[in-house]
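Next up, my_file01.txt (compact mmCIF, C-alpha atoms):
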```
# COMPACT_ATOMS: atom_id res chain seq x y z
CA MET A 1404 -9.98 3.11 2.61
CA ASN A 1405 -9.53 1.78 6.15
CA TYR A 1406 -6.95 4.45 6.86
CA ALA A 1407 -9.19 7.10 5.30
CA ASP A 1408 -11.94 6.10 7.75
CA LEU A 1409 -9.47 6.12 10.64
CA ALA A 1410 -8.21 9.59 9.68
CA THR A 1411 -11.75 10.92 9.65
CA GLN A 1412 -12.68 9.32 12.97
CA SER A 1413 -9.54 10.49 14.74
CA GLY A 1414 -9.79 14.08 13.49
CA ALA A 1415 -6.52 13.93 11.54
CA GLN A 1416 -5.85 16.95 9.33
CA THR A 1417 -3.61 15.13 6.86
CA LEU A 1418 -3.37 11.63 5.41
CA ILE A 1419 -0.17 10.61 3.62
CA LEU A 1420 -0.70 7.91 1.01
CA GLY A 1421 2.15 5.56 0.26
CA GLY A 1422 5.92 5.68 0.52
CA ASP A 1423 8.93 4.11 -1.19
CA TRP A 1424 7.06 0.81 -1.38
CA ILE A 1425 4.18 2.25 -3.44
CA GLY A 1426 6.39 3.30 -6.37
CA PRO A 1427 5.70 0.26 -8.59
CA ALA A 1428 1.93 0.83 -8.28
CA LEU A 1429 2.06 4.49 -9.35
CA PRO A 1430 1.34 5.41 -12.97
CA ASN A 1431 4.43 4.45 -15.05
CA GLY A 1432 5.51 2.09 -12.25
CA ASN A 1433 6.51 -1.51 -12.95
CA ALA A 1434 3.28 -2.92 -11.53
CA CYS A 1435 1.31 -1.13 -14.23
CA GLY A 1436 3.01 -3.16 -16.92
CA ARG A 1437 1.80 -2.03 -20.32
CA ASN A 1438 -1.64 -1.01 -19.13
CA ILE A 1439 -0.78 2.52 -17.94
CA VAL A 1440 -4.31 3.84 -18.54
CA ARG A 1441 -5.96 1.19 -16.35
CA CYS A 1442 -3.39 1.71 -13.58
CA THR A 1443 -3.85 5.50 -13.66
CA ASP A 1444 -7.63 5.11 -13.53
CA ARG A 1445 -7.32 2.74 -10.56
CA CYS A 1446 -5.13 5.22 -8.66
CA ARG A 1447 -7.50 8.10 -9.41
CA HIS A 1448 -10.52 6.04 -8.35
CA THR A 1449 -8.83 5.38 -4.99
CA LEU A 1450 -8.15 9.09 -4.50
CA GLU A 1451 -11.68 10.08 -5.50
CA SER A 1452 -13.13 7.50 -3.09
CA ARG A 1453 -10.87 8.83 -0.37
CA HIS A 1454 -12.21 12.36 -0.94
CA ARG A 1455 -15.82 11.15 -0.67
CA ARG A 1456 -15.11 9.35 2.60
CA GLY A 1457 -13.20 12.27 4.06
CA SER A 1458 -15.72 14.93 3.13
CA SER A 1459 -18.67 13.22 4.79
CA THR A 1460 -17.86 14.38 8.31
CA LEU A 1461 -14.51 16.18 8.21
CA GLN A 1462 -12.42 18.03 5.65
CA TRP A 1463 -8.84 16.78 5.56
CA GLN A 1464 -6.04 16.69 3.05
CA SER A 1465 -4.21 13.77 1.48
CA PHE A 1466 -0.65 13.91 0.23
CA VAL A 1467 0.99 11.37 -2.06
CA ALA A 1468 4.43 10.25 -0.85
CA LEU A 1469 6.63 10.40 -3.93
CA PRO A 1470 10.21 9.04 -3.73
CA TYR A 1471 12.80 11.45 -5.10
CA THR A 1472 15.39 9.98 -7.45
CA PRO A 1473 17.62 12.44 -9.33
CA SER A 1474 16.72 12.74 -13.02
CA LYS A 1475 13.80 10.30 -12.56
CA LEU A 1476 11.16 12.46 -10.90
CA GLN A 1477 8.41 11.68 -13.37
CA THR A 1478 4.87 10.38 -13.12
CA SER A 1479 1.49 11.08 -14.70
CA LEU A 1480 0.23 14.61 -14.05
CA ASP A 1481 -3.33 13.28 -14.09
CA PHE A 1482 -2.48 11.24 -11.03
CA PHE A 1483 -1.91 14.42 -8.99
CA LYS A 1484 -5.21 16.04 -9.97
CA ASP A 1485 -7.11 14.56 -7.02
CA THR A 1486 -4.33 14.97 -4.46
CA ASP A 1487 -3.87 17.91 -2.10
CA GLY A 1488 -0.09 17.93 -2.22
CA ILE A 1489 3.16 16.05 -2.68
CA TYR A 1490 5.19 14.59 0.19
CA LEU A 1491 8.60 14.25 -1.45
CA LEU A 1492 10.76 11.55 0.14
CA TRP A 1493 14.23 13.09 0.04
CA SER A 1494 17.55 11.39 0.83
CA ALA A 1495 19.34 12.71 -2.25
CA ALA A 1496 23.11 12.68 -2.66
CA LEU A 1497 24.35 16.23 -2.13
CA THR A 1498 28.07 15.64 -2.59
CA GLY A 1499 30.51 13.05 -3.85
CA GLN A 1500 32.90 13.63 -0.97
CA THR A 1501 32.76 12.34 2.60
CA ASN A 1502 33.78 15.73 4.01
CA THR A 1503 32.07 18.68 2.32
CA ASN A 1504 31.25 22.09 3.77
CA LYS A 1505 27.69 23.28 4.35
CA SER A 1506 27.89 25.91 1.65
CA ASP A 1507 28.60 23.34 -1.07
CA ILE A 1508 25.84 21.06 0.22
CA ALA A 1509 23.38 23.98 0.26
CA ASN A 1510 24.32 24.92 -3.30
CA GLU A 1511 23.78 21.36 -4.55
CA ALA A 1512 20.46 21.07 -2.71
CA GLY A 1513 19.37 24.33 -4.30
CA ARG A 1514 20.40 23.13 -7.75
CA LEU A 1515 18.40 19.91 -7.43
CA LEU A 1516 15.37 21.76 -6.10
CA ASP A 1517 15.45 24.31 -8.92
CA ASN A 1518 16.21 21.93 -11.77
CA GLU A 1519 14.12 18.91 -10.83
CA VAL A 1520 11.55 19.71 -8.15
CA SER A 1521 10.47 23.21 -9.13
CA PRO A 1522 9.24 22.07 -12.59
CA LEU A 1523 7.05 19.43 -10.92
CA GLN A 1524 5.52 22.05 -8.63
CA ALA A 1525 4.95 24.40 -11.57
CA LEU A 1526 3.24 21.68 -13.63
CA THR A 1527 1.02 20.29 -10.88
CA GLY A 1528 0.36 23.50 -8.93
CA LYS A 1529 0.38 21.35 -5.78
CA PRO A 1530 2.06 22.16 -2.44
CA ILE A 1531 5.36 20.34 -2.00
CA TYR A 1532 6.76 19.21 1.33
CA ILE A 1533 10.36 17.99 1.46
CA ALA A 1534 10.52 14.92 3.73
CA LEU A 1535 14.16 14.56 4.78
CA ALA A 1536 15.89 11.40 5.97
CA TYR A 1537 19.64 11.47 6.55
CA PRO A 1538 21.36 9.29 9.16
CA SER A 1539 23.76 10.77 11.72
CA SER A 1540 26.70 9.07 10.06
CA THR A 1541 29.85 10.06 8.24
CA GLY A 1542 29.18 10.22 4.52
CA ALA A 1543 25.41 10.60 4.86
CA ALA A 1544 25.45 13.55 2.44
CA THR A 1545 26.77 11.30 -0.32
CA GLY A 1546 23.48 9.39 -0.35
CA CYS A 1547 25.39 6.11 -0.13
CA LEU A 1548 26.66 4.42 3.00
CA ALA A 1549 28.78 1.61 1.61
CA ASP A 1550 27.97 -1.96 2.51
CA SER A 1551 30.32 -4.95 2.45
CA ARG A 1552 29.31 -5.88 -1.11
CA GLY A 1553 30.13 -2.60 -2.80
CA GLY A 1554 26.54 -1.36 -2.71
CA CYS A 1555 24.70 1.18 -0.57
CA LEU A 1556 22.89 0.61 2.70
CA ASP A 1557 19.33 1.82 3.06
CA TRP A 1558 19.20 4.45 5.82
CA THR A 1559 16.52 2.44 7.62
CA MET A 1560 19.09 -0.29 8.29
CA LEU A 1561 20.61 2.03 10.91
CA ASN A 1562 17.34 2.23 12.84
CA ARG A 1563 16.73 0.29 16.04
CA PRO A 1564 16.18 -2.54 16.78
CA ASN A 1565 18.55 -3.42 13.93
CA ALA A 1566 22.02 -4.43 15.05
CA ASP A 1567 24.77 -1.82 14.87
CA ILE A 1568 26.72 -1.72 11.60
CA GLY A 1569 30.36 -1.30 12.52
CA SER A 1570 31.49 -0.15 9.06
CA VAL A 1571 29.34 2.99 9.40
CA GLN A 1572 30.85 5.74 11.54
CA LEU A 1573 28.69 7.72 13.99
CA ASN A 1574 28.71 11.45 13.17
CA LEU A 1575 26.01 13.54 14.83
CA GLN A 1576 27.39 16.80 13.45
CA ALA A 1577 27.28 15.55 9.85
CA GLN A 1578 23.52 15.09 10.11
CA ALA A 1579 23.10 18.56 11.63
CA ASP A 1580 25.18 20.12 8.84
CA ILE A 1581 23.05 18.42 6.16
CA TYR A 1582 19.82 19.66 7.74
CA GLU A 1583 21.14 23.19 8.07
CA ALA A 1584 22.38 23.27 4.48
CA ILE A 1585 19.05 22.03 3.10
CA LEU A 1586 17.07 24.47 5.24
CA ILE A 1587 19.26 27.33 3.99
CA ALA A 1588 18.37 26.28 0.42
CA VAL A 1589 14.67 25.91 1.25
CA ASN A 1590 14.54 29.32 2.96
CA THR A 1591 15.16 31.13 -0.34
CA ARG A 1592 12.53 29.16 -2.28
CA ALA A 1593 9.05 30.30 -1.36
CA TRP A 1594 7.43 27.63 -3.57
CA ILE A 1595 8.40 24.93 -1.07
CA ASN A 1596 5.59 24.62 1.47
CA GLY A 1597 7.39 22.82 4.26
CA VAL A 1598 10.11 20.48 5.51
CA ILE A 1599 9.54 17.29 7.50
CA SER A 1600 12.11 15.14 9.31
CA ARG A 1601 11.52 11.43 8.72
CA GLY A 1602 12.67 8.62 10.94
CA TYR A 1603 11.95 10.48 14.20
CA TYR A 1604 11.89 8.08 17.15
CA PRO A 1605 9.67 9.56 19.91
CA PRO A 1606 10.10 7.09 22.83
CA VAL A 1607 13.84 7.52 23.47
CA ALA A 1608 16.57 10.09 22.79
CA LEU A 1609 19.11 8.01 20.84
CA GLN A 1610 22.67 9.13 20.22
CA ASP A 1611 23.02 6.58 17.45
CA LYS A 1612 23.53 6.46 13.68
CA SER A 1613 19.83 6.42 12.80
CA ALA A 1614 17.97 9.22 11.02
CA SER A 1615 16.05 10.14 14.19
CA VAL A 1616 16.91 13.70 15.26
CA HIS A 1617 15.47 13.24 18.75
CA SER A 1618 17.90 15.03 21.13
CA LYS A 1619 20.63 15.23 18.47
CA PRO A 1620 22.30 18.42 17.16
CA ALA A 1621 20.02 18.26 14.10
CA ALA A 1622 17.04 18.83 16.41
CA GLY A 1623 18.63 22.10 17.49
CA VAL A 1624 18.92 23.10 13.84
CA LEU A 1625 15.20 22.45 13.33
CA TRP A 1626 14.39 24.40 16.52
CA TYR A 1627 16.35 27.37 15.16
CA TRP A 1628 14.85 27.32 11.66
CA PHE A 1629 11.21 26.57 12.48
CA PRO A 1630 10.19 30.13 13.51
CA ARG A 1631 12.20 31.58 10.63
CA LEU A 1632 10.65 29.39 7.95
CA THR A 1633 7.16 30.01 9.33
CA GLY A 1634 7.68 33.77 9.49
CA VAL A 1635 7.46 34.11 13.28
CA ILE A 1636 10.99 35.55 13.23
CA LYS A 1637 11.96 37.66 10.23
```

Written as structure tokens, that's how I'd like the structure from this file.
Amino acid sequence: MNYADLATQSGAQTLILGGDWIGPALPNGNACGRNIVRCTDRCRHTLESRHRRGSSTLQWQSFVALPYTPSKLQTSLDFFKDTDGIYLLWSAALTGQTNTNKSDIANEAGRLLDNEVSPLQALTGKPIYIALAYPSSTGAATGCLADSRGGCLDWTMLNRPNADIGSVQLNLQAQADIYEAILIAVNTRAWINGVISRGYYPPVALQDKSASVHSKPAAGVLWYWFPRLTGVIK
């Protein structure tokens, strides 16, 4: 509610609720335990209260940040009734190989969008924005940057001020290729309302392994596609 008040006072047009960390509190999340009905009601009450606070002086939209996990993109449809859209947190694996061409990545992105995301949009009738986060590192398209214990590093571990991880190889072009492939897939699917780049670091242009596209080749890809996705250039 504090952030709802702040959004209204600052004239914000959009408020994004949650992120990866909110998953357990969503309907069917672990924090609900066995009392799914009570948890769903609590979430809906929060959204309804948010609407009342926002509509008093300024109309603005709220989007629920929903983490995308292949084959697990499920939650209560009632939960989305009082939202204005879905902000889909996307770092999905698009290949099993370290070196894969853009065409194959685009085809896999299109398959996931059609098979798993499109049904959600059709059921909810809500706008969907794909919120991308891929580090500028070799193997980023696999969705798993290996750690020293045989697991996968979270992409945020490559962000500053974290220390550099020597086992991960810098690859600016790999990030640009992933963005271009996904945007090619998005361009042919009119039901997707927008694409957002997560992890952007405004203060400094970093040529590092993080997901920030500031001054990296991926930023040039976004510059090229923006007028085409918005219809400025046909």

Restricting the calculation to all atoms listed in the file, which member of A:Gly1513, A:Pro1606, A:Gly1488, A:Gly1554 is positioned closest to Gly1528 (chain A)?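 The answer is A:Gly1488, which sits nearest to Gly1528 (chain A).
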
Quick one: of A:Gly1602, A:Gly1623, A:Gly1597, A:Gly1553, who's nearest to Asp1580 (chain A), counting only C-alpha atoms?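 Between A:Gly1602, A:Gly1623, A:Gly1597, A:Gly1553, the residue approaching Asp1580 (chain A) most closely is A:Gly1623.
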
With only C-alpha atoms as the atoms that count, which of A:Ala1407, A:Ala1536, A:Val1598, A:Ala1543 lies nearest to Leu1497 (chain A)? A:Ala1543

Would you tabulate, counting all atoms listed in the file, all residues of region 1463-1525 of chain A that have an atom at most 12 Å from an atom of region 1547-1552 of chain A, showing the closest pair of atoms and their distance in Å to one decimal, sorted by chain then ascending number, as a tab-separated table?
```
residue	atom	partner	partner_atom	distance
A:Ser1494	CA	A:Cys1547	CA	9.5
A:Ala1495	CA	A:Cys1547	CA	9.2
A:Ala1496	CA	A:Cys1547	CA	7.4
A:Leu1497	CA	A:Cys1547	CA	10.4
A:Thr1498	CA	A:Cys1547	CA	10.2
A:Gly1499	CA	A:Cys1547	CA	9.4
A:Gln1500	CA	A:Cys1547	CA	10.7
A:Thr1501	CA	A:Leu1548	CA	10.0
```

Nearest to Trp1626 (chain A) among A:Tyr1406, A:Tyr1582, A:Phe1483, A:Phe1466, with distances taken over all atoms listed in the file: which residue is it?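 Among A:Tyr1406, A:Tyr1582, A:Phe1483, A:Phe1466, it is A:Tyr1582 that comes nearest to Trp1626 (chain A).
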
For Glu1511 (chain A), which of A:Ala1584, A:Leu1523, A:Leu1573, A:Ile1489 is the closest residue, counting all atoms listed in the file? A:Ala1584

Which residues are near Trp1558 (chain A)? Cut-off 8 Å, all atoms listed in the file, ignore same chain within fewer than 4 positions. Put them as a list in words.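 That gives Ala1536, Tyr1537, Pro1538, Leu1548, Asn1562, Ser1613 and Ala1614 of chain A.
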
Could you check how far CA of Asp1485 (chain A) sits from CA of Leu1526 (chain A), in Å to one decimal?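 Interatomic distance here is 14.2 Å.
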
What does the structure give for the distance between CA of Gln1578 (chain A) and CA of Arg1592 (chain A), in Å to one decimal?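 Answer for the CA of Gln1578 (chain A) to CA of Arg1592 (chain A) separation: 21.7 Å.
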
What does the distance between CA of Leu1561 (chain A) and CA of Asp1611 (chain A) come to in Å, to one decimal place? 8.3 Å

Counting only C-alpha atoms, which of A:Met1404, A:Val1467, A:Ala1579, A:Leu1409 gets nearest to His1617 (chain A)?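 For His1617 (chain A), the nearest of the candidates is A:Ala1579.
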